[in-house]
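Student: Supplied in structure tokens, the structure appears directly below.
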Amino acid sequence: MGICRKLLNHPELTEVGRKDVSRWCHILHPIFIQKKEFPQALQVIQISQLSDSTNKEMQAILPIVYIFNNQYDKAELIIKEFRNKSLIGIDYFKTYKDVYNMSSILFEEQAITHPDFAKARALLKD
């Protein structure tokens, strides 16, 4: 992760370069989740967010990663804020709620679970 931080602090890094760092870090997070290396998944997502704060996918991913890192309170805030917001242009999802539900289901199907998924799903029903 140190390499991402070094890249972000490089004085010659262009805006396009920052977005490339964001995409690269974004691609890495599922690998860390699959390996159940949740702190690393959170770290790359945070670096991705720092390098491209306009990336609307971050608010779709952060709650799940926060839950895996036992930070439900942070996940809950994001879920409440974004659950009913439109998410057109990212796969077949219409709202962030669709992503949150599908993510938890997909991870549980792979035996990557967390007890707070139940709380998050209940929150999504409100």
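Chain labels run A, B, ... following the order of the structure tokens; each chain numbers its residues from 1, and ligands are numbered from 1 in the order shown.
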When DSSP works through the backbone of this structure, what residues of range 20-117 of chain A end up as alpha helix (DSSP H), shown as an NGL selection string?

Tutor: :A and (20-34 or 38-51 or 58-68 or 72-82 or 96-109 or 116-117)

Student: Keeping only C-alpha atoms, write those residues as a short mmCIF file (atom, residue, chain, number, x, y, z; two decimals), in the first residue's frame.

Tutor:
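File written: again.cif
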data_model
loop_
_atom_site.label_atom_id
_atom_site.label_comp_id
_atom_site.auth_asym_id
_atom_site.auth_seq_id
_atom_site.Cartn_x
_atom_site.Cartn_y
_atom_site.Cartn_z
CA ASP A 20 -5.44 5.51 -12.67
CA VAL A 21 -4.21 5.00 -9.09
CA SER A 22 -7.83 5.02 -7.95
CA ARG A 23 -8.82 2.36 -10.48
CA TRP A 24 -5.79 0.22 -9.63
CA CYS A 25 -6.56 0.32 -5.90
CA HIS A 26 -10.25 -0.31 -6.63
CA ILE A 27 -9.36 -3.45 -8.56
CA LEU A 28 -7.30 -4.78 -5.63
CA HIS A 29 -9.96 -4.62 -2.91
CA PRO A 30 -11.87 -7.80 -3.91
CA ILE A 31 -8.63 -9.77 -3.88
CA PHE A 32 -8.03 -8.76 -0.28
CA ILE A 33 -11.62 -9.57 0.68
CA GLN A 34 -11.36 -13.02 -0.95
CA PHE A 38 -10.02 -6.95 5.45
CA PRO A 39 -7.73 -4.19 6.79
CA GLN A 40 -5.85 -4.22 3.49
CA ALA A 41 -9.12 -4.05 1.54
CA LEU A 42 -10.12 -0.99 3.54
CA GLN A 43 -6.74 0.60 3.03
CA VAL A 44 -6.81 0.27 -0.77
CA ILE A 45 -10.37 1.60 -0.92
CA GLN A 46 -9.37 4.59 1.19
CA ILE A 47 -6.39 5.24 -1.08
CA SER A 48 -8.67 4.89 -4.10
CA GLN A 49 -11.05 7.43 -2.60
CA LEU A 50 -8.20 9.84 -1.85
CA SER A 51 -6.91 9.63 -5.39
CA MET A 58 -16.56 4.31 -3.49
CA GLN A 59 -19.84 4.89 -1.65
CA ALA A 60 -21.06 1.57 -3.02
CA ILE A 61 -18.03 -0.31 -1.72
CA LEU A 62 -17.12 1.42 1.53
CA PRO A 63 -20.03 0.14 3.66
CA ILE A 64 -19.24 -3.50 2.89
CA VAL A 65 -15.55 -3.00 3.59
CA TYR A 66 -16.34 -1.12 6.81
CA ILE A 67 -18.55 -3.99 7.95
CA PHE A 68 -15.77 -6.49 7.33
CA TYR A 72 -20.66 -0.91 11.30
CA ASP A 73 -21.28 2.62 12.58
CA LYS A 74 -19.41 4.08 9.59
CA ALA A 75 -21.15 1.69 7.20
CA GLU A 76 -24.54 2.63 8.60
CA LEU A 77 -23.97 6.35 7.98
CA ILE A 78 -23.07 5.77 4.34
CA ILE A 79 -25.92 3.32 3.79
CA LYS A 80 -28.46 5.76 5.22
CA GLU A 81 -27.14 8.59 3.07
CA PHE A 82 -26.83 6.69 -0.22
CA TYR A 96 -26.84 1.98 -4.07
CA LYS A 97 -29.27 -0.23 -2.12
CA ASP A 98 -29.12 -2.75 -4.97
CA VAL A 99 -25.31 -2.87 -4.70
CA TYR A 100 -25.35 -3.25 -0.90
CA ASN A 101 -27.83 -6.12 -1.07
CA MET A 102 -26.09 -7.92 -3.92
CA SER A 103 -22.63 -7.52 -2.39
CA SER A 104 -23.64 -9.07 0.90
CA ILE A 105 -25.35 -11.96 -0.89
CA LEU A 106 -22.38 -12.63 -3.17
CA PHE A 107 -19.88 -12.58 -0.32
CA GLU A 108 -22.04 -14.86 1.82
CA GLU A 109 -22.32 -17.30 -1.09
CA ASP A 116 -23.50 -7.13 10.70
CA PHE A 117 -24.74 -7.98 7.19
#

Student: Just to confirm, what's the straight-line distance from CA of Phe93 in chain A to CA of Gln110 in chain A in Å (one decimal)?

Tutor: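 Answer for the CA of Phe93 in chain A to CA of Gln110 in chain A separation: 20.8 Å.
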
Student: I'd like the interatomic distance between CA of Lys56 in chain A and CA of Leu124 in chain A, to a tenth of an Å.

Tutor: 18.9 Å

Student: To one decimal in Å, tell me the separation between CA of Lys85 in chain A and CA of Leu123 in chain A.

Tutor: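 Calculated distance between CA of Lys85 in chain A and CA of Leu123 in chain A is 14.7 Å.
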